[in-house]
Amino acid sequence: MIGRDGHALPADHVARLPLNNEVHARPPEALPKRARLTYLVLFGELDMAPLADLCKRFGVLPPAPDANHFSADLGPFRLKWERHTEFTRYWFFVPAKGVANLFGSTALEAVPQDWLRTLAGEVLVANHVEMQPLPKTRLNEDKLSQEHFDGNPMVGAEIAGGLGRAFTDFRIHADGFGRMLIFDNAMTPRQRGRTVQRLLEIDTYRVLALLTLPVARKLMPVLGGFEAELSKATSTMSGADEADEPQLLDRLTLLHADVVREHTGSQFRFSAARAYADLVALRISELREDRIEGLQLFSEFTERRLSPAMRTCEAAAARLSITSERVARATQLLSTRVGISRERQNQALLESMDNRAKLQLRLQETVEGLSIAAITYYIVGLVGYAAKGAKSLGVLPVSPDLVTAFAIPVVLLVVAMGVRRVRKSITS
C-alpha cells in the first residue's frame, strides 16, 4: 500500500476498516430544540425488506444488505434504522411546532400506515418522545404529570450536567406507546441526539434484560424437581447393592440429560440479561443526572425494579449450574462404583474359569490314564491271541501266558509315549 505521503506501507489488516468504522456505527441524530419522534423496537425482526420498501416509496437508495444502521431524510419525516443481534429498531423524526399539543400528534402519523402493517416481529418497546426548549418559568411537575402522563408518578432528572430535563412514567398508555418529555436548556444538536438515544436505550435494554425474568421464574420449580430427584437418587446410592446400581445409573444419566437440556436452553438468555443490565447502568451513568426535588432519578427507578429481577435471574442461573455439577458428580461416583463392581465380577469370572481349566486338566489327565490302560488292555489281548495261535501251530515254543505277561510293560510304555507325543503336538 502507498500512503498519502508517498511512503510504501504493508497491506491493511483485513479487519482494519471494519473495526475503525465500528467506532462510528449507529451515530446519534442531530436534533433541533423542538422535535417529535416515535421509537419502535421489534423483537425477532431482522429482515431488511421493509426498510428497502420504505426507501423505494420515497425514492431513497436503501442501505447495503450487510448494513446494521441507516438514516435518511424521506421528506415527510426523517428515518433512522438499526439492526442488532435480537431486534431491529426504527426512529421516526418530525419537527415539533409548539407546546400546545404535546403527544396529541405523533411522528408516526407521517409514516405510511399500510407500510406499518407490513412490519414483522413483535413490538418490545414503543415510545413517543417530545423535545422542547426549557420554559423560562419554573416547571410544575404535578401539572406535567396531569397533562401529559395521565397523572401517573413521574421519573425525572436534570441531565447532561444541568443542560436539560427529562421526564417519563415508564408506562404504556392507551395508545400502546410510552411517553418521554425532554426539555433542552443549552444542549447542542448532537447532545440532544445523544441524550434521546441514551434515554430510549435505558428503556430498551431494561426490557431486554427483564425478558430473562419469566425464564428464571419458570425454571425455579423445575430446579426443585431436579434437586428432589437428585436427593432421592443419592440416598438410594448409599444402600444400593450391585444389582441395583445399573438401574440407578440409568436414572441419574436421564436426570443429567434433563439438567443439561435446561442449562443449554437458558444459558443464552441469562448471559444476555447480564449484558443488557450492564448497558442500562452504563447509559444511566452517561446521563449525568441530578435530582429534581420530589421525583425519582432514572438510576433509582431502574435500580429498585431491575436489580431484584437480575438477582433472581442470577440466583436461578447459579442454582442451575450447581445442580448440573452435583448431578455430574453423583453420576461419576456411581459410574465408578459400577466399574469397580464389574471389575470384581470379571475377576470372579476369571477365577472361575481358572478353576474350571484346572478341573478340565485333571479330567484330561484322568481320561488319558484310562485311555492308556484301555489301549494297553486291548493290545495285550491281541498279543495274547497271537501267542495262543502261534503255540497251536507249534511256532511258539513258550507259553502264551508268559508272552502276554512280558508284553504288558512293553505295550504300556509304548502307548504312554505315543499319547504324550500326540498331546504335545496338539497343545504346541
# chains A, B, ... in the order shown; residues from 1 in each chain; ligands from 1
>>> residues_around(residues="stretch 26-29 of chain A", least_positions_apart="2", cutoff="9 Å", atoms="only C-alpha atoms", output="mmCIF file with N, CA and C atoms, in the first residue's frame")
data_model
loop_
_atom_site.group_PDB
_atom_site.id
_atom_site.type_symbol
_atom_site.label_atom_id
_atom_site.label_comp_id
_atom_site.auth_asym_id
_atom_site.auth_seq_id
_atom_site.Cartn_x
_atom_site.Cartn_y
_atom_site.Cartn_z
ATOM 1 N N GLU A 22 -16.575 0.572 12.995
ATOM 2 C CA GLU A 22 -17.452 0.153 14.090
ATOM 3 C C GLU A 22 -17.533 1.228 15.168
ATOM 4 N N VAL A 23 -16.451 1.994 15.326
ATOM 5 C CA VAL A 23 -16.454 3.074 16.320
ATOM 6 C C VAL A 23 -17.506 4.120 15.977
ATOM 7 N N HIS A 24 -17.783 4.278 14.689
ATOM 8 C CA HIS A 24 -18.729 5.298 14.233
ATOM 9 C C HIS A 24 -20.111 4.718 13.914
ATOM 10 N N LEU A 31 -30.509 16.821 16.617
ATOM 11 C CA LEU A 31 -31.906 17.203 16.780
ATOM 12 C C LEU A 31 -32.035 18.700 17.045
ATOM 13 N N ASN A 68 -25.854 -2.459 9.250
ATOM 14 C CA ASN A 68 -26.565 -2.620 10.525
ATOM 15 C C ASN A 68 -27.129 -1.300 11.046
ATOM 16 N N HIS A 69 -26.933 -0.209 10.293
ATOM 17 C CA HIS A 69 -27.579 1.052 10.668
ATOM 18 C C HIS A 69 -27.742 1.905 9.405
ATOM 19 N N PHE A 70 -28.726 2.793 9.439
ATOM 20 C CA PHE A 70 -29.055 3.607 8.267
ATOM 21 C C PHE A 70 -29.909 4.784 8.716
ATOM 22 N N SER A 71 -29.688 5.934 8.111
ATOM 23 C CA SER A 71 -30.542 7.096 8.375
ATOM 24 C C SER A 71 -30.678 7.904 7.090
ATOM 25 N N LYS A 80 -34.386 6.714 11.013
ATOM 26 C CA LYS A 80 -33.159 6.072 11.477
ATOM 27 C C LYS A 80 -33.486 4.611 11.761
ATOM 28 N N TRP A 81 -32.623 3.724 11.271
ATOM 29 C CA TRP A 81 -32.863 2.270 11.401
ATOM 30 C C TRP A 81 -31.602 1.603 11.934
ATOM 31 N N GLU A 82 -31.777 0.658 12.853
ATOM 32 C CA GLU A 82 -30.649 -0.081 13.412
ATOM 33 C C GLU A 82 -31.020 -1.554 13.543
ATOM 34 N N PRO A 189 -27.095 20.339 19.095
ATOM 35 C CA PRO A 189 -27.913 19.353 18.377
ATOM 36 C C PRO A 189 -27.443 17.914 18.588
ATOM 37 N N ARG A 190 -26.126 17.678 18.574
ATOM 38 C CA ARG A 190 -25.621 16.318 18.786
ATOM 39 C C ARG A 190 -25.851 15.864 20.227
ATOM 40 N N GLN A 191 -25.737 16.787 21.178
ATOM 41 C CA GLN A 191 -26.029 16.442 22.568
ATOM 42 C C GLN A 191 -27.476 16.009 22.729
ATOM 43 N N ARG A 192 -28.365 16.732 22.048
ATOM 44 C CA ARG A 192 -29.782 16.341 22.115
ATOM 45 C C ARG A 192 -29.974 14.932 21.568
ATOM 46 N N GLY A 193 -29.322 14.651 20.439
ATOM 47 C CA GLY A 193 -29.449 13.317 19.854
ATOM 48 C C GLY A 193 -28.896 12.236 20.772
ATOM 49 N N ARG A 194 -27.734 12.518 21.381
ATOM 50 C CA ARG A 194 -27.151 11.525 22.290
ATOM 51 C C ARG A 194 -28.025 11.330 23.524
ATOM 52 N N THR A 195 -28.599 12.423 24.026
ATOM 53 C CA THR A 195 -29.445 12.334 25.212
ATOM 54 C C THR A 195 -30.693 11.500 24.940
ATOM 55 N N VAL A 196 -31.348 11.768 23.821
ATOM 56 C CA VAL A 196 -32.543 10.992 23.461
ATOM 57 C C VAL A 196 -32.178 9.523 23.283
ATOM 58 N N GLN A 197 -31.054 9.273 22.612
ATOM 59 C CA GLN A 197 -30.646 7.885 22.374
ATOM 60 C C GLN A 197 -30.377 7.163 23.692
#
>>> select_by_dssp(residues="stretch 51-106 of chain A", states="helix (DSSP H, G or I)", output="PyMOL selection string")
chain A and resi 51-57
>>> closest_residue(among="A:Leu79, A:Leu200, A:Leu306, A:Val415", to="A:Ala166", atoms="only C-alpha atoms")
A:Leu200
>>> atom_distance(atom1="atom CA of A:Ala373", atom2="atom CA of A:Val414")
11.6 Å
>>> residues_around(residues="A:Pro76", least_positions_apart="6", cutoff="10 Å", atoms="only C-alpha atoms", output="list in words")
Phe58, Phe92, Phe93, Val94, Pro95, Ala107, Glu109, Ala110 and Val111 of chain A
>>> write_last_selection(atoms="C-alpha atoms", output="PDB file, in the first residue's frame")
ATOM      1  CA  PHE A  58     -39.761   7.823  -1.171  1.00  0.00           C
ATOM      2  CA  PHE A  92     -39.141   8.432  13.006  1.00  0.00           C
ATOM      3  CA  PHE A  93     -38.427  12.167  13.410  1.00  0.00           C
ATOM      4  CA  VAL A  94     -40.620  15.180  12.525  1.00  0.00           C
ATOM      5  CA  PRO A  95     -40.379  18.836  13.587  1.00  0.00           C
ATOM      6  CA  ALA A 107     -44.283  11.375  14.343  1.00  0.00           C
ATOM      7  CA  GLU A 109     -48.687   9.851  11.683  1.00  0.00           C
ATOM      8  CA  ALA A 110     -46.265  10.877   8.916  1.00  0.00           C
ATOM      9  CA  VAL A 111     -45.345   7.236   8.188  1.00  0.00           C
TER      10      VAL A 111
END
>>> residues_around(residues="stretch 222-237 of chain A", least_positions_apart="4", cutoff="7 Å", atoms="only C-alpha atoms", output="MDAnalysis selection string")
chainID A and resid 320 323 327
>>> atom_distance(atom1="atom CA of A:Leu361", atom2="atom CA of A:Tyr377")
24.0 Å
>>> closest_residue(among="A:Asn127, A:Ser371, A:Asn101, A:Ser271", to="A:Glu147", atoms="only C-alpha atoms")
A:Asn101
>>> select_by_dssp(residues="stretch 128-303 of chain A", states="strand (DSSP E or B)", output="list of chain:residue names")
A:His128, A:Val129, A:Glu130, A:Met131, A:Gln132, A:Pro133, A:Val155, A:Gly156, A:Ala157, A:Glu158, A:Ile159, A:Gly164, A:Arg165, A:Ala166, A:Phe167, A:Thr168, A:Gly178, A:Arg179, A:Met180, A:Leu181, A:Ile182, A:Phe183, A:Asp184, A:Asp290, A:Arg291, A:Gln296
>>> closest_atom_pairs(of="stretch 317-415 of chain A", to="stretch 212-219 of chain A", cutoff="12 Å", atoms="only C-alpha atoms", output="Markdown table")
| residue | atom | partner | partner_atom | distance |
| --- | --- | --- | --- | --- |
| A:Ala317 | CA | A:Ala216 | CA | 7.7 |
| A:Ala318 | CA | A:Ala216 | CA | 10.8 |
| A:Arg319 | CA | A:Leu219 | CA | 9.9 |
| A:Leu320 | CA | A:Leu219 | CA | 8.6 |
>>> closest_residue(among="A:Thr404, A:Ser352, A:Thr118, A:Thr312", to="A:Thr376", atoms="only C-alpha atoms")
A:Thr404
